[in-house]
Each structure stands twice: as structure tokens, then as C-alpha cells.
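*Asks:* What follows is a single structure, and I will ask about it in a moment.
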Amino acid sequence: MRKQIAAANWKMNLTLDQGIKLTGEILSGNIELHDHQQVVFGVPFPYLIAVKDKIKEKANYFVSAQNCYFQKSGAYTGEVSAEILNSVGTDYVIIGHSERREYFNENHQMLAEKINLCFENKLKPIFCCGEPLSVREANEQNDYVETQLKESLFHLSEQQLTGFVIAYEPIWAIGTGKTASSAQAQEMHAHIRNVMASKYNNDVAESISILYGGSVKANNAKEIFSEKDVDGGLVGGASLVASEFLTIIQSLK
Ligand code: PEP
């Protein structure tokens, strides 16, 4: 079975003390994860080492950065490279979140470069894609997402894409309380898998974990995750509340 993942995206929230307390509360939920299940904490850069230390005894718990820079190293004041992230024990990196695409003008090419740097530095990318409301209303979401995949992932090898992680996050559902229906999520996830199968092959497409993101909560996770092509979720707001996130973890297939 491909990996089923509950990934938290704390965004720019919580102090270090609050983040460590939240991590502790989630760990003390003592959820028995199966081998194919993972929990990922997407935390602000300064907390990576502390959260990694907190989860170190626990199998199947990982720490993620929320971004990395698209250049290898050098005079880029304030930026953080994939190499730096690897050196502090980071496991995953969220790449191309819609907030980064929108507020920091990240384009397809930059995201492709970031993914390359993740691979060079043994980091696992979580590649985000998803359409804005205007595109959904024009019913052009399939082409829109296909372009995002094509422009940032199609240069990768079959080997690199085997076991890869994609998060489908319709922008109109992020932080809005408006969730895609489980049928809408399934439809897009199946489309993403078909796009990957057409460019590569079925084995590669079937190995990719496709997470849904967009107002996943304790009360809707089970239904959304039960869809055939939904392999867990990337969770913003609800990942900041231990009881909510614990229920979301328990909703993994
Ligand atoms: C996200 O941050 O990627 C996200 C999906 O946020 P929320 O769960 O708050 O909609």
C-alpha cells in the first residue's frame, strides 16, 4: 500500500514553547501507526531541530520545512537552502504552497529547481498544486493542475517520482472553511494519477501519495481520506489543535 500521510502545516503560527507543547500532546495520543502511515510536522525553520528531537524516538513521525530556496548556496540573505535543511535533520519540504506562489511569486521553474535541490540533499518534497476559484468556476481545473505538474515535475526520473508526494490543495478551500467535496477531491486525485501515468507509467502513478489539502478538519477527514485516490491530507488550521489533528491522524486509511 502506498504511504498514507497526515501532514501538518503550522505556517507562521505558534511560538517554540507552544509548538513543542502541541507536538508532545500529539505524541502522547499514542496512536499506533501502521508501517504505511506517516505523520509529518511542517514547522517554521527555527523549530526544526527541536521538533525533530522531540519525535526522535517515534517511528513514522517526521519533520518538514515549509519552503527552501531555489539556489544552492551563496549571498541570499535570509534564505534557507536544501543543504542547510538536510544538515539539521529535516525529512520533508513543502514545495510550491499556493501562499508561496501567490505572495512570493514562485513560478513553475523555481519550484522545479527547489525539487531538484531537495533530491540532491536527500529531502522529500511535498509538491503542492491546486486551482484558484476563478479556474474552478470556469471548469478548467484539470488543465490548470496538469500544467503545474508538467512544468515542475516532468523533468524528474521514474525513480525520483516513485513514492513521491503531491498535495492537491484547491486554493478556494484553503483556510476558508469551505472543503472540496470528497467526490471533487477524488476526481482531481484520479486526474493527477492519470496525468502521471500518461507521462510515466502506472507503477509510478500508483506509488505516488496524493494528499488533499483545504479545510480538512476532524469532522470531515474520514470521509475525504476514504476516497480511493486520496492518501491523507495536508492540514493547516486544524493541525494547530491537538484533539483535531489526532482525529485526523486516526482517519488515515
Ligand atoms: C494548508 O495550509 O495547506 C491548508 C490546507 O490550510 P487549511 O487546512 O487551514 O485550509
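Ligands are numbered from 1 in the order shown, residues from 1 within each chain, and chains are lettered A, B, ... in the order they appear in the C-alpha cells.
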Each residue of stretch 50-127 of chain A with at least one atom at most 12 Å from stretch 165-169 of chain A should appear once, together with its nearest atom pair and the corresponding distance in Å (one decimal); atoms considered: only C-alpha atoms; ordering: chain, then increasing residue number; output as CSV.
*Replies:*
residue,atom,partner,partner_atom,distance
A:Tyr92,CA,A:Val165,CA,9.7
A:Val93,CA,A:Val165,CA,10.3
A:Ile94,CA,A:Ala167,CA,9.1
A:Ile95,CA,A:Ile166,CA,9.4
A:Gly96,CA,A:Ala167,CA,9.7
A:His97,CA,A:Glu169,CA,8.4
A:Ser98,CA,A:Glu169,CA,8.0
A:Glu99,CA,A:Glu169,CA,10.9
A:Ile115,CA,A:Val165,CA,11.4
A:Leu123,CA,A:Val165,CA,11.7
A:Lys124,CA,A:Val165,CA,7.9
A:Pro125,CA,A:Val165,CA,6.7
A:Ile126,CA,A:Val165,CA,5.0
A:Phe127,CA,A:Ile166,CA,4.7
*Asks:* DSSP on the backbone, then: every residue of stretch 44-74 of chain A marked strand (DSSP E or B), written as a ChimeraX atom specification.
*Replies:* /A:61-65
*Asks:* Run DSSP on the backbone of this structure and report the residues of stretch 46-109 of chain A it assigns to helix (DSSP H, G or I), as an MDAnalysis selection string.
*Replies:* chainID A and resid 46:55 82:87 98:103 108:109
*Asks:* Write out as a PDB file with N, CA, C and O atoms, in the first residue's frame each polymer residue (protein, DNA or RNA) that has an atom no more than 10 Å from ligand 1, with only C-alpha atoms and all ligand atoms counted.
*Replies:*
ATOM      1  N   ALA A   7      -0.116  15.363   7.224  1.00  0.00           N
ATOM      2  CA  ALA A   7       0.941  16.379   7.283  1.00  0.00           C
ATOM      3  C   ALA A   7       0.371  17.673   7.838  1.00  0.00           C
ATOM      4  O   ALA A   7      -0.615  18.195   7.325  1.00  0.00           O
ATOM      5  N   ALA A   8       1.015  18.173   8.892  1.00  0.00           N
ATOM      6  CA  ALA A   8       0.604  19.437   9.499  1.00  0.00           C
ATOM      7  C   ALA A   8       1.372  20.572   8.836  1.00  0.00           C
ATOM      8  O   ALA A   8       2.571  20.447   8.591  1.00  0.00           O
ATOM      9  N   ASN A   9       0.689  21.649   8.543  1.00  0.00           N
ATOM     10  CA  ASN A   9       1.361  22.862   8.073  1.00  0.00           C
ATOM     11  C   ASN A   9       1.044  23.967   9.074  1.00  0.00           C
ATOM     12  O   ASN A   9      -0.031  24.549   9.041  1.00  0.00           O
ATOM     13  N   TRP A  10       1.992  24.195   9.965  1.00  0.00           N
ATOM     14  CA  TRP A  10       1.759  25.212  11.012  1.00  0.00           C
ATOM     15  C   TRP A  10       1.791  26.626  10.446  1.00  0.00           C
ATOM     16  O   TRP A  10       1.398  27.566  11.115  1.00  0.00           O
ATOM     17  N   LYS A  11       2.320  26.776   9.252  1.00  0.00           N
ATOM     18  CA  LYS A  11       2.505  28.105   8.647  1.00  0.00           C
ATOM     19  C   LYS A  11       3.280  29.005   9.617  1.00  0.00           C
ATOM     20  O   LYS A  11       4.162  28.523  10.328  1.00  0.00           O
ATOM     21  N   GLY A  42       4.998  20.101   9.680  1.00  0.00           N
ATOM     22  CA  GLY A  42       5.558  21.178   8.855  1.00  0.00           C
ATOM     23  C   GLY A  42       5.674  22.438   9.698  1.00  0.00           C
ATOM     24  O   GLY A  42       4.694  23.141   9.928  1.00  0.00           O
ATOM     25  N   GLN A  66       8.741  24.283   5.505  1.00  0.00           N
ATOM     26  CA  GLN A  66       7.605  24.757   4.703  1.00  0.00           C
ATOM     27  C   GLN A  66       8.053  25.343   3.370  1.00  0.00           C
ATOM     28  O   GLN A  66       7.223  25.769   2.559  1.00  0.00           O
ATOM     29  N   ILE A  94       7.843  21.217   2.145  1.00  0.00           N
ATOM     30  CA  ILE A  94       6.658  21.602   1.369  1.00  0.00           C
ATOM     31  C   ILE A  94       7.131  22.536   0.262  1.00  0.00           C
ATOM     32  O   ILE A  94       7.809  23.529   0.534  1.00  0.00           O
ATOM     33  N   HIS A  97       3.603  25.720  -2.070  1.00  0.00           N
ATOM     34  CA  HIS A  97       2.304  26.003  -1.438  1.00  0.00           C
ATOM     35  C   HIS A  97       1.700  27.232  -2.130  1.00  0.00           C
ATOM     36  O   HIS A  97       2.425  28.153  -2.517  1.00  0.00           O
ATOM     37  N   SER A  98       0.390  27.270  -2.250  1.00  0.00           N
ATOM     38  CA  SER A  98      -0.241  28.372  -3.001  1.00  0.00           C
ATOM     39  C   SER A  98       0.060  29.735  -2.378  1.00  0.00           C
ATOM     40  O   SER A  98       0.094  30.743  -3.078  1.00  0.00           O
ATOM     41  N   GLU A  99       0.283  29.756  -1.057  1.00  0.00           N
ATOM     42  CA  GLU A  99       0.628  31.041  -0.433  1.00  0.00           C
ATOM     43  C   GLU A  99       2.008  31.517  -0.902  1.00  0.00           C
ATOM     44  O   GLU A  99       2.243  32.709  -1.070  1.00  0.00           O
ATOM     45  N   CYS A 128       2.973  20.939  -3.866  1.00  0.00           N
ATOM     46  CA  CYS A 128       1.580  21.415  -3.818  1.00  0.00           C
ATOM     47  C   CYS A 128       1.105  21.918  -5.182  1.00  0.00           C
ATOM     48  O   CYS A 128       1.851  22.595  -5.898  1.00  0.00           O
ATOM     49  N   ALA A 167       0.517  17.221  -2.983  1.00  0.00           N
ATOM     50  CA  ALA A 167      -0.662  17.663  -2.221  1.00  0.00           C
ATOM     51  C   ALA A 167      -1.552  18.469  -3.157  1.00  0.00           C
ATOM     52  O   ALA A 167      -1.102  19.486  -3.713  1.00  0.00           O
ATOM     53  N   TYR A 168      -2.779  18.007  -3.375  1.00  0.00           N
ATOM     54  CA  TYR A 168      -3.743  18.787  -4.156  1.00  0.00           C
ATOM     55  C   TYR A 168      -4.497  19.690  -3.194  1.00  0.00           C
ATOM     56  O   TYR A 168      -5.182  19.217  -2.282  1.00  0.00           O
ATOM     57  N   GLU A 169      -4.332  21.014  -3.389  1.00  0.00           N
ATOM     58  CA  GLU A 169      -4.961  21.973  -2.500  1.00  0.00           C
ATOM     59  C   GLU A 169      -5.705  23.026  -3.317  1.00  0.00           C
ATOM     60  O   GLU A 169      -5.078  24.007  -3.780  1.00  0.00           O
ATOM     61  N   PRO A 170      -7.006  22.841  -3.531  1.00  0.00           N
ATOM     62  CA  PRO A 170      -7.749  23.886  -4.241  1.00  0.00           C
ATOM     63  C   PRO A 170      -7.689  25.175  -3.417  1.00  0.00           C
ATOM     64  O   PRO A 170      -7.998  25.151  -2.217  1.00  0.00           O
ATOM     65  N   ILE A 171      -7.259  26.253  -4.053  1.00  0.00           N
ATOM     66  CA  ILE A 171      -6.983  27.486  -3.286  1.00  0.00           C
ATOM     67  C   ILE A 171      -8.246  28.012  -2.604  1.00  0.00           C
ATOM     68  O   ILE A 171      -8.189  28.539  -1.495  1.00  0.00           O
ATOM     69  N   TRP A 172      -9.376  27.796  -3.239  1.00  0.00           N
ATOM     70  CA  TRP A 172     -10.648  28.278  -2.686  1.00  0.00           C
ATOM     71  C   TRP A 172     -11.050  27.518  -1.422  1.00  0.00           C
ATOM     72  O   TRP A 172     -11.982  27.927  -0.727  1.00  0.00           O
ATOM     73  N   ALA A 173     -10.346  26.450  -1.110  1.00  0.00           N
ATOM     74  CA  ALA A 173     -10.689  25.672   0.089  1.00  0.00           C
ATOM     75  C   ALA A 173      -9.666  25.861   1.210  1.00  0.00           C
ATOM     76  O   ALA A 173      -9.868  25.364   2.317  1.00  0.00           O
ATOM     77  N   ILE A 174      -8.573  26.602   0.939  1.00  0.00           N
ATOM     78  CA  ILE A 174      -7.524  26.741   1.961  1.00  0.00           C
ATOM     79  C   ILE A 174      -7.878  27.846   2.945  1.00  0.00           C
ATOM     80  O   ILE A 174      -8.052  29.004   2.550  1.00  0.00           O
ATOM     81  N   GLY A 175      -8.015  27.461   4.202  1.00  0.00           N
ATOM     82  CA  GLY A 175      -8.263  28.432   5.268  1.00  0.00           C
ATOM     83  C   GLY A 175      -9.625  29.102   5.183  1.00  0.00           C
ATOM     84  O   GLY A 175      -9.888  30.081   5.868  1.00  0.00           O
ATOM     85  N   THR A 176     -10.495  28.585   4.332  1.00  0.00           N
ATOM     86  CA  THR A 176     -11.793  29.237   4.113  1.00  0.00           C
ATOM     87  C   THR A 176     -12.928  28.525   4.843  1.00  0.00           C
ATOM     88  O   THR A 176     -14.036  29.044   4.908  1.00  0.00           O
ATOM     89  N   GLY A 177     -12.652  27.324   5.322  1.00  0.00           N
ATOM     90  CA  GLY A 177     -13.710  26.530   5.940  1.00  0.00           C
ATOM     91  C   GLY A 177     -14.556  25.834   4.882  1.00  0.00           C
ATOM     92  O   GLY A 177     -15.452  25.051   5.182  1.00  0.00           O
ATOM     93  N   LYS A 178     -14.257  26.115   3.612  1.00  0.00           N
ATOM     94  CA  LYS A 178     -15.016  25.514   2.507  1.00  0.00           C
ATOM     95  C   LYS A 178     -14.196  24.334   1.973  1.00  0.00           C
ATOM     96  O   LYS A 178     -13.100  24.548   1.436  1.00  0.00           O
ATOM     97  N   THR A 179     -14.652  23.136   2.161  1.00  0.00           N
ATOM     98  CA  THR A 179     -13.876  21.975   1.720  1.00  0.00           C
ATOM     99  C   THR A 179     -14.381  21.512   0.355  1.00  0.00           C
ATOM    100  O   THR A 179     -15.570  21.611   0.077  1.00  0.00           O
ATOM    101  N   TYR A 212      -4.824  15.443   0.138  1.00  0.00           N
ATOM    102  CA  TYR A 212      -5.780  16.521  -0.101  1.00  0.00           C
ATOM    103  C   TYR A 212      -5.545  17.614   0.953  1.00  0.00           C
ATOM    104  O   TYR A 212      -5.348  17.315   2.139  1.00  0.00           O
ATOM    105  N   GLY A 213      -5.595  18.872   0.547  1.00  0.00           N
ATOM    106  CA  GLY A 213      -5.487  19.976   1.497  1.00  0.00           C
ATOM    107  C   GLY A 213      -6.535  21.034   1.204  1.00  0.00           C
ATOM    108  O   GLY A 213      -6.799  21.354   0.040  1.00  0.00           O
ATOM    109  N   GLY A 214      -7.122  21.554   2.245  1.00  0.00           N
ATOM    110  CA  GLY A 214      -8.150  22.591   2.087  1.00  0.00           C
ATOM    111  C   GLY A 214      -9.239  22.376   3.104  1.00  0.00           C
ATOM    112  O   GLY A 214     -10.177  21.622   2.863  1.00  0.00           O
ATOM    113  N   SER A 215      -9.040  22.999   4.306  1.00  0.00           N
ATOM    114  CA  SER A 215     -10.044  22.913   5.372  1.00  0.00           C
ATOM    115  C   SER A 215     -10.370  21.478   5.791  1.00  0.00           C
ATOM    116  O   SER A 215     -11.520  21.153   6.074  1.00  0.00           O
ATOM    117  N   VAL A 216      -9.329  20.634   5.832  1.00  0.00           N
ATOM    118  CA  VAL A 216      -9.522  19.302   6.428  1.00  0.00           C
ATOM    119  C   VAL A 216      -9.664  19.505   7.935  1.00  0.00           C
ATOM    120  O   VAL A 216      -8.882  20.231   8.553  1.00  0.00           O
ATOM    121  N   LYS A 217     -10.685  18.890   8.505  1.00  0.00           N
ATOM    122  CA  LYS A 217     -10.960  19.006   9.947  1.00  0.00           C
ATOM    123  C   LYS A 217     -11.222  17.600  10.494  1.00  0.00           C
ATOM    124  O   LYS A 217     -11.398  16.644   9.724  1.00  0.00           O
ATOM    125  N   GLY A 233      -3.824  13.896   4.152  1.00  0.00           N
ATOM    126  CA  GLY A 233      -4.062  15.321   3.964  1.00  0.00           C
ATOM    127  C   GLY A 233      -2.909  16.204   4.387  1.00  0.00           C
ATOM    128  O   GLY A 233      -2.062  15.818   5.206  1.00  0.00           O
ATOM    129  N   LEU A 234      -2.880  17.400   3.799  1.00  0.00           N
ATOM    130  CA  LEU A 234      -2.008  18.488   4.258  1.00  0.00           C
ATOM    131  C   LEU A 234      -2.942  19.456   4.979  1.00  0.00           C
ATOM    132  O   LEU A 234      -3.888  19.966   4.378  1.00  0.00           O
ATOM    133  N   VAL A 235      -2.666  19.656   6.258  1.00  0.00           N
ATOM    134  CA  VAL A 235      -3.652  20.294   7.130  1.00  0.00           C
ATOM    135  C   VAL A 235      -3.079  21.562   7.749  1.00  0.00           C
ATOM    136  O   VAL A 235      -2.038  21.516   8.411  1.00  0.00           O
ATOM    137  N   GLY A 236      -3.769  22.684   7.552  1.00  0.00           N
ATOM    138  CA  GLY A 236      -3.330  23.947   8.132  1.00  0.00           C
ATOM    139  C   GLY A 236      -3.962  24.158   9.493  1.00  0.00           C
ATOM    140  O   GLY A 236      -3.521  23.608  10.506  1.00  0.00           O
ATOM    141  N   GLY A 237      -5.046  24.930   9.529  1.00  0.00           N
ATOM    142  CA  GLY A 237      -5.672  25.351  10.781  1.00  0.00           C
ATOM    143  C   GLY A 237      -5.896  24.223  11.784  1.00  0.00           C
ATOM    144  O   GLY A 237      -5.569  24.369  12.972  1.00  0.00           O
ATOM    145  N   ALA A 238      -6.427  23.105  11.335  1.00  0.00           N
ATOM    146  CA  ALA A 238      -6.771  22.025  12.265  1.00  0.00           C
ATOM    147  C   ALA A 238      -5.541  21.314  12.821  1.00  0.00           C
ATOM    148  O   ALA A 238      -5.640  20.578  13.809  1.00  0.00           O
ATOM    149  N   SER A 239      -4.372  21.560  12.219  1.00  0.00           N
ATOM    150  CA  SER A 239      -3.161  20.905  12.749  1.00  0.00           C
ATOM    151  C   SER A 239      -2.621  21.652  13.966  1.00  0.00           C
ATOM    152  O   SER A 239      -1.691  21.192  14.620  1.00  0.00           O
ATOM    153  N   LEU A 240      -3.211  22.802  14.266  1.00  0.00           N
ATOM    154  CA  LEU A 240      -2.749  23.593  15.423  1.00  0.00           C
ATOM    155  C   LEU A 240      -3.480  23.221  16.699  1.00  0.00           C
ATOM    156  O   LEU A 240      -3.174  23.744  17.774  1.00  0.00           O
TER     157      LEU A 240
END
*Asks:* With only C-alpha atoms as the atoms that count, which of A:Glu206, A:Gln160, A:Leu252, A:Leu246 lies nearest to A:Glu25?
*Replies:*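 Under the stated criterion, the closest residue is A:Leu246.
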*Asks:* Quick one: of A:Asp91, A:Asp143, A:Asp229, A:Glu151, who's nearest to A:Val43, counting only C-alpha atoms?
*Replies:* A:Asp91
*Asks:* Tell me, in Å to one decimal, how far atom CA of A:Leu22 is from atom CA of A:Phe45.
*Replies:* 16.4 Å
*Asks:* Restricting the calculation to only C-alpha atoms, which member of A:Ser152, A:Gln141, A:Asn201, A:Gln159 is positioned closest to A:His108?
*Replies:*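 Ranking A:Ser152, A:Gln141, A:Asn201, A:Gln159 by distance to A:His108, first place goes to A:Ser152.
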